[in-house]
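> Got a file for you: structure_34.cif, mmCIF, C-alpha atoms.
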```cif
data_data
#
loop_
_atom_site.label_atom_id
_atom_site.label_comp_id
_atom_site.auth_asym_id
_atom_site.auth_seq_id
_atom_site.Cartn_x
_atom_site.Cartn_y
_atom_site.Cartn_z
CA MET F 1 77.90 8.78 17.30
CA THR F 2 78.20 12.43 18.14
CA GLU F 3 74.49 13.00 17.49
CA LEU F 4 73.35 10.66 20.24
CA PRO F 5 72.94 13.32 22.98
CA ILE F 6 70.60 15.28 20.69
CA TYR F 7 68.61 12.11 20.04
CA ILE F 8 68.35 11.42 23.76
CA ILE F 9 67.16 14.96 24.60
CA LEU F 10 64.54 14.81 21.84
CA GLY F 11 63.55 11.33 22.98
CA ILE F 12 62.92 12.61 26.50
CA VAL F 13 60.70 15.39 25.11
CA SER F 14 58.89 12.85 22.94
CA ILE F 15 58.20 10.40 25.78
CA GLY F 16 57.28 13.26 28.11
CA SER F 17 54.69 14.61 25.70
CA ALA F 18 53.28 11.11 25.17
CA ILE F 19 52.90 10.67 28.93
CA GLY F 20 51.30 14.11 29.06
CA LEU F 21 48.75 12.90 26.51
CA LEU F 22 48.19 9.75 28.54
CA LEU F 23 47.53 11.63 31.78
CA SER F 24 45.86 14.82 30.56
CA ARG F 25 42.51 15.70 32.14
CA ASN F 26 41.60 18.13 29.37
CA ALA F 27 41.22 16.87 25.80
CA VAL F 28 42.61 20.11 24.32
CA HIS F 29 45.75 19.78 26.45
CA GLY F 30 46.05 16.19 25.23
CA ALA F 31 45.81 17.35 21.62
CA LEU F 32 48.53 19.95 22.21
CA PHE F 33 50.80 17.33 23.80
CA LEU F 34 50.24 15.19 20.70
CA VAL F 35 51.17 18.13 18.45
CA LEU F 36 54.43 18.48 20.42
CA ASN F 37 55.04 14.75 20.00
CA PHE F 38 54.48 14.97 16.23
CA GLY F 39 56.78 17.99 16.02
CA VAL F 40 59.57 16.05 17.74
CA ALA F 41 58.94 13.13 15.37
CA ALA F 42 59.34 15.56 12.45
CA ILE F 43 62.72 16.64 13.85
CA PHE F 44 63.67 12.96 14.10
CA TYR F 45 62.74 12.54 10.42
CA PHE F 46 64.95 15.48 9.47
CA MET F 47 67.83 14.01 11.47
CA MET F 48 67.35 10.56 9.92
CA ASN F 49 67.73 11.76 6.33
CA ALA F 50 63.99 11.96 5.58
CA PRO F 51 63.34 15.67 4.96
CA PHE F 52 60.26 15.09 2.79
CA LEU F 53 58.62 13.03 5.53
CA GLY F 54 59.52 15.69 8.08
CA VAL F 55 57.67 18.36 6.13
CA ILE F 56 54.73 16.03 5.50
CA GLN F 57 54.65 15.17 9.20
CA ILE F 58 54.33 18.83 10.14
CA SER F 59 51.85 19.83 7.44
CA VAL F 60 49.62 16.74 7.42
CA TYR F 61 49.88 15.33 10.94
CA ALA F 62 50.61 18.30 13.17
CA GLY F 63 48.65 20.58 10.83
CA ALA F 64 45.63 19.02 9.16
CA ILE F 65 44.92 15.99 11.35
CA MET F 66 45.38 17.74 14.68
CA VAL F 67 43.31 20.73 13.54
CA LEU F 68 40.55 18.21 12.79
CA PHE F 69 40.91 16.76 16.29
CA VAL F 70 40.83 20.13 18.04
CA PHE F 71 37.91 21.20 15.86
CA VAL F 72 35.85 18.14 16.84
CA ILE F 73 36.78 18.48 20.53
CA MET F 74 35.59 22.09 20.57
CA LEU F 75 32.56 21.36 18.38
CA LEU F 76 31.35 18.72 20.82
CA GLY F 77 32.35 20.74 23.89
CA ALA F 78 33.99 17.57 25.20
CA GLU F 79 37.23 19.07 26.47
CA ARG F 80 36.47 18.37 30.14
CA LEU F 81 36.98 14.67 30.70
CA ALA F 82 35.34 12.66 33.43
CA ALA F 83 37.52 11.88 36.42
CA VAL F 84 39.41 8.65 35.99
CA ASP F 85 37.71 5.77 37.74
CA THR F 86 39.95 4.53 40.56
CA GLY F 87 38.07 1.58 41.99
CA ALA F 88 40.17 -1.21 43.47
CA ARG F 89 39.53 -3.58 40.55
CA ILE F 90 40.29 -0.90 37.96
CA ARG F 91 43.53 -0.01 39.73
CA ALA F 92 44.56 -3.67 39.96
CA SER F 93 43.87 -4.29 36.26
CA ARG F 94 45.76 -1.11 35.39
CA PHE F 95 48.75 -2.38 37.35
CA VAL F 96 48.67 -5.68 35.46
CA LEU F 97 48.39 -3.76 32.19
CA ILE F 98 51.39 -1.58 32.98
CA ALA F 99 53.37 -4.71 33.92
CA CYS F 100 52.51 -6.37 30.57
CA VAL F 101 53.45 -3.29 28.59
CA SER F 102 56.71 -2.97 30.53
CA VAL F 103 57.55 -6.55 29.60
CA LEU F 104 56.97 -5.64 25.94
CA VAL F 105 59.28 -2.62 26.11
CA ILE F 106 61.98 -4.42 28.09
CA SER F 107 61.98 -7.38 25.70
CA VAL F 108 62.35 -5.04 22.72
CA ALA F 109 65.19 -3.18 24.45
CA TYR F 110 66.87 -6.48 25.33
CA ALA F 111 66.58 -7.76 21.76
CA VAL F 112 67.90 -4.52 20.29
CA LEU F 113 70.76 -3.99 22.71
CA GLY F 114 71.73 -7.64 22.94
CA GLN F 115 72.10 -8.21 19.23
CA SER F 116 75.66 -8.66 18.04
CA ALA F 117 75.13 -8.01 14.32
CA PRO F 118 77.97 -5.95 12.86
CA ALA F 119 77.25 -2.30 12.35
CA LEU F 120 76.20 -1.77 8.77
CA ALA F 121 78.76 0.83 7.88
CA SER F 122 78.45 0.16 4.16
CA ALA F 123 74.89 1.48 3.86
CA ALA F 124 75.47 4.67 1.94
CA PRO F 125 73.19 7.62 2.73
CA ILE F 126 70.18 7.24 0.49
CA ASP F 127 68.86 9.89 -1.85
CA SER F 128 65.63 10.88 -0.09
CA SER F 129 64.89 14.08 -2.00
CA PRO F 130 61.28 14.73 -3.07
CA LEU F 131 62.42 13.91 -6.62
CA ALA F 132 63.67 10.44 -5.61
CA ILE F 133 60.53 9.76 -3.58
CA GLY F 134 58.30 10.87 -6.46
CA MET F 135 60.19 8.65 -8.92
CA ARG F 136 59.84 5.70 -6.58
CA LEU F 137 56.18 6.48 -5.92
CA PHE F 138 55.17 6.57 -9.58
CA ASN F 139 57.43 3.72 -10.76
CA ASP F 140 57.42 1.00 -8.10
CA TYR F 141 54.45 2.01 -5.96
CA THR F 142 51.89 2.98 -8.60
CA PHE F 143 49.27 0.44 -7.55
CA PRO F 144 49.37 1.27 -3.81
CA PHE F 145 49.24 4.94 -4.77
CA GLU F 146 46.03 4.39 -6.76
CA VAL F 147 44.54 2.31 -3.95
CA VAL F 148 45.30 5.10 -1.47
CA SER F 149 43.69 7.67 -3.74
CA ILE F 150 40.50 5.56 -3.88
CA LEU F 151 40.68 5.09 -0.10
CA LEU F 152 40.86 8.84 0.43
CA LEU F 153 37.89 9.36 -1.89
CA VAL F 154 35.86 6.72 -0.01
CA ALA F 155 36.84 8.28 3.33
CA MET F 156 35.79 11.73 2.12
CA VAL F 157 32.39 10.54 0.86
CA GLY F 158 31.91 8.35 3.92
CA SER F 159 32.61 11.08 6.45
CA VAL F 160 30.28 13.49 4.64
CA VAL F 161 27.50 10.87 4.65
CA LEU F 162 28.11 10.02 8.32
CA ALA F 163 28.29 13.55 9.65
CA ARG F 164 25.47 15.22 7.74
CA SER F 165 22.40 16.07 9.78
CA LYS F 166 19.36 13.94 9.08
CA MET X 1 74.13 2.30 21.66
CA THR X 2 73.71 3.61 18.14
CA THR X 3 71.01 6.00 17.05
CA ILE X 4 69.15 3.15 15.32
CA ASN X 5 68.98 1.16 18.54
CA PHE X 6 67.83 4.27 20.36
CA MET X 7 65.09 4.96 17.79
CA VAL X 8 63.76 1.40 17.95
CA ILE X 9 63.56 1.50 21.74
CA LEU X 10 61.95 4.95 21.66
CA SER X 11 59.46 3.62 19.13
CA ALA X 12 58.62 0.69 21.42
CA VAL X 13 58.14 3.02 24.40
CA LEU X 14 55.85 5.37 22.43
CA PHE X 15 53.87 2.39 21.15
CA ALA X 16 53.49 1.08 24.70
CA ILE X 17 52.25 4.47 25.92
CA GLY X 18 49.74 4.44 23.05
CA VAL X 19 48.54 0.97 24.07
CA LEU X 20 48.13 2.16 27.65
CA GLY X 21 46.15 5.15 26.41
CA VAL X 22 43.82 3.00 24.31
CA LEU X 23 43.20 0.55 27.14
CA THR X 24 42.87 2.96 30.08
CA ARG X 25 41.19 6.09 28.69
CA ARG X 26 37.40 6.06 28.42
CA ASN X 27 36.91 9.05 26.13
CA ALA X 28 36.63 8.12 22.45
CA ILE X 29 38.67 11.13 21.30
CA MET X 30 41.51 10.34 23.72
CA ILE X 31 41.51 6.71 22.54
CA PHE X 32 41.72 7.95 18.98
CA MET X 33 44.68 10.22 19.76
CA SER X 34 46.45 7.28 21.41
CA VAL X 35 45.96 5.28 18.20
CA GLU X 36 47.63 8.13 16.31
CA LEU X 37 50.52 7.94 18.78
CA MET X 38 50.93 4.23 18.03
CA LEU X 39 50.89 4.83 14.26
CA ASN X 40 53.53 7.49 14.73
CA ALA X 41 55.73 5.14 16.76
CA ALA X 42 55.56 2.57 13.95
CA ASN X 43 56.49 5.29 11.43
CA LEU X 44 59.59 6.19 13.45
CA ALA X 45 60.68 2.54 13.42
CA PHE X 46 60.10 2.36 9.64
CA VAL X 47 62.32 5.37 8.98
CA ALA X 48 65.01 4.17 11.41
CA PHE X 49 65.24 0.74 9.78
CA GLY X 50 65.09 2.27 6.31
CA GLN X 51 68.07 4.42 7.20
CA LYS X 52 69.96 1.47 8.66
CA TRP X 53 69.59 -0.68 5.54
CA GLY X 54 70.02 2.17 3.06
CA GLN X 55 66.61 1.66 1.47
CA LEU X 56 63.99 4.22 0.48
CA ASP X 57 61.14 1.73 0.97
CA GLY X 58 60.83 2.50 4.68
CA GLN X 59 60.04 6.11 3.85
CA MET X 60 57.56 5.04 1.17
CA PHE X 61 55.69 2.95 3.72
CA VAL X 62 55.54 5.89 6.11
CA PHE X 63 54.06 7.93 3.26
CA PHE X 64 51.26 5.38 2.81
CA VAL X 65 50.70 4.99 6.55
CA MET X 66 50.18 8.76 6.79
CA ALA X 67 47.63 8.71 3.95
CA VAL X 68 45.71 5.85 5.57
CA ALA X 69 45.86 7.60 8.96
CA ALA X 70 44.38 10.75 7.43
CA ALA X 71 41.48 8.75 5.97
CA GLU X 72 41.00 6.94 9.27
CA VAL X 73 40.87 10.19 11.24
CA ALA X 74 38.27 11.69 8.91
CA VAL X 75 35.92 8.70 9.14
CA GLY X 76 36.56 8.10 12.85
CA LEU X 77 35.84 11.69 13.86
CA ALA X 78 32.68 11.65 11.73
CA LEU X 79 31.61 8.51 13.63
CA ILE X 80 32.33 10.21 16.97
CA VAL X 81 30.28 13.26 15.95
CA THR X 82 27.38 11.03 14.88
CA ILE X 83 27.51 9.02 18.12
CA PHE X 84 27.64 12.26 20.13
CA HIS X 85 24.51 13.50 18.36
CA SER X 86 22.53 10.42 19.35
CA LYS X 87 24.06 9.63 22.77
CA ARG X 88 25.20 13.10 23.98
CA SER X 89 28.43 11.49 25.14
CA THR X 90 31.87 10.51 23.87
CA ASP X 91 32.45 8.01 26.66
CA VAL X 92 32.93 4.53 25.25
CA ASP X 93 31.34 2.96 28.36
CA ASP X 94 28.03 4.54 27.33
CA LEU X 95 28.11 2.67 24.01
CA SER X 96 27.04 -0.70 25.34
CA THR X 97 23.67 -1.14 23.62
CA LEU X 98 24.96 -4.00 21.45
CA LYS X 99 26.12 -5.96 24.48
CA GLY X 100 23.03 -8.21 24.51
#
```
Have the structure of the file written as structure tokens, please.

Amino acid sequence: MTELPIYIILGIVSIGSAIGLLLSRNAVHGALFLVLNFGVAAIFYFMMNAPFLGVIQISVYAGAIMVLFVFVIMLLGAERLAAVDTGARIRASRFVLIACVSVLVISVAYAVLGQSAPALASAAPIDSSPLAIGMRLFNDYTFPFEVVSILLLVAMVGSVVLARSK
Amino acid sequence: MTTINFMVILSAVLFAIGVLGVLTRRNAIMIFMSVELMLNAANLAFVAFGQKWGQLDGQMFVFFVMAVAAAEVAVGLALIVTIFHSKRSTDVDDLSTLKG
């Protein structure tokens, strides 16, 4: 694949921004790292023949959701985070945790790279235009669509009830 | 290594970083952002597999995951604001009154 170097460069940016989120001392910096991560994910969507999802990723995730996060962080004045606790027990448990997570990642990598299934060259590029997605959404996925619309309504009412001042 | 393999491994790494964030950070907002990172990693795997098998269903699932994530963020941030109003803190270690 000639595209693989581009994937690898974007992957490094993606993992780097995720680690930046993990280690950031300032919540606003963490939110900006997450925006970078979502932007890279949107580029991945464009490269993987999902242009509609790429646009949605930028407008909904990197736009609306992250604006909500930054808004709440600044509303609460909670951008300065407490120093990370580095007691001996905490550090030991963190080491065990990192070891467990590394086992997860290595086993996934082993399973993916060790598989000998033939490359699926016959899978034709799918039609992922907004038209095709809309047709699929309103023909095959009508019920989930309605459930999601009710879920969004419930979430809207619920957040207004929760956040209003008594 | 094909791009699909690469995307699945990248997705696993991002998910693992999200797990680490949820389990090691003590600020509720940072935990929440790590959850978003994990959802995003799952979405990447959905699109990668959907492209490999030539199906549109992977992209449809990502569409629904995004809608649910938006609802989750709205309610979760409202909860954090409410907790901050009563506790003056977003540290999850301060929320131990139900511990018994």
> Hey, what comes out of the PyMOL selection byres ((chain F and resi 41-51) around 9) on this file? Could you write it as a ChimeraX atom specification?
/F:7,10,14,36-40,52-58,125-130 /X:7,40-41,44,47-48,51,59
> Save the residues we just selected, C-alpha atoms, as an mmCIF file, in the frame of the given file?

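Printed below is out_5.cif as written:
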```
data_model
loop_
_atom_site.group_PDB
_atom_site.id
_atom_site.type_symbol
_atom_site.label_atom_id
_atom_site.label_comp_id
_atom_site.auth_asym_id
_atom_site.auth_seq_id
_atom_site.Cartn_x
_atom_site.Cartn_y
_atom_site.Cartn_z
ATOM 1 C CA TYR F 7 68.610 12.110 20.040
ATOM 2 C CA LEU F 10 64.540 14.810 21.840
ATOM 3 C CA SER F 14 58.890 12.850 22.940
ATOM 4 C CA LEU F 36 54.430 18.480 20.420
ATOM 5 C CA ASN F 37 55.040 14.750 20.000
ATOM 6 C CA PHE F 38 54.480 14.970 16.230
ATOM 7 C CA GLY F 39 56.780 17.990 16.020
ATOM 8 C CA VAL F 40 59.570 16.050 17.740
ATOM 9 C CA PHE F 52 60.260 15.090 2.790
ATOM 10 C CA LEU F 53 58.620 13.030 5.530
ATOM 11 C CA GLY F 54 59.520 15.690 8.080
ATOM 12 C CA VAL F 55 57.670 18.360 6.130
ATOM 13 C CA ILE F 56 54.730 16.030 5.500
ATOM 14 C CA GLN F 57 54.650 15.170 9.200
ATOM 15 C CA ILE F 58 54.330 18.830 10.140
ATOM 16 C CA PRO F 125 73.190 7.620 2.730
ATOM 17 C CA ILE F 126 70.180 7.240 0.490
ATOM 18 C CA ASP F 127 68.860 9.890 -1.850
ATOM 19 C CA SER F 128 65.630 10.880 -0.090
ATOM 20 C CA SER F 129 64.890 14.080 -2.000
ATOM 21 C CA PRO F 130 61.280 14.730 -3.070
ATOM 22 C CA MET X 7 65.090 4.960 17.790
ATOM 23 C CA ASN X 40 53.530 7.490 14.730
ATOM 24 C CA ALA X 41 55.730 5.140 16.760
ATOM 25 C CA LEU X 44 59.590 6.190 13.450
ATOM 26 C CA VAL X 47 62.320 5.370 8.980
ATOM 27 C CA ALA X 48 65.010 4.170 11.410
ATOM 28 C CA GLN X 51 68.070 4.420 7.200
ATOM 29 C CA GLN X 59 60.040 6.110 3.850
#
```
> Chain F near chain X within 6 Å: what's each residue's closest atom pair and its distance in Å to one decimal, counting all atoms listed in the file, ordered by chain then ascending residue number, as a tab-separated table?

```
residue	atom	partner	partner_atom	distance
F:Leu22	CA	X:Gly21	CA	5.5
F:Val101	CA	X:Ala16	CA	5.9
F:Val105	CA	X:Ala12	CA	5.8
F:Ala109	CA	X:Ile9	CA	5.6
F:Ala123	CA	X:Gly54	CA	5.0
F:Ile126	CA	X:Gly54	CA	5.7
F:Leu152	CA	X:Ala71	CA	5.6
F:Ala155	CA	X:Ala71	CA	5.4
F:Ser159	CA	X:Val75	CA	4.9
F:Leu162	CA	X:Ala78	CA	5.9
F:Ala163	CA	X:Ala78	CA	5.2
```
> Suppose you want the space between CA of Ala28 (chain X) and CA of Asp94 (chain X); what is it in Å?
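Between these atoms lies a distance of 10.5 Å.
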> Take CA of Ala45 (chain X) and CA of Gly58 (chain X) and report the distance between them in Å, one decimal.
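The value is 8.7 Å.
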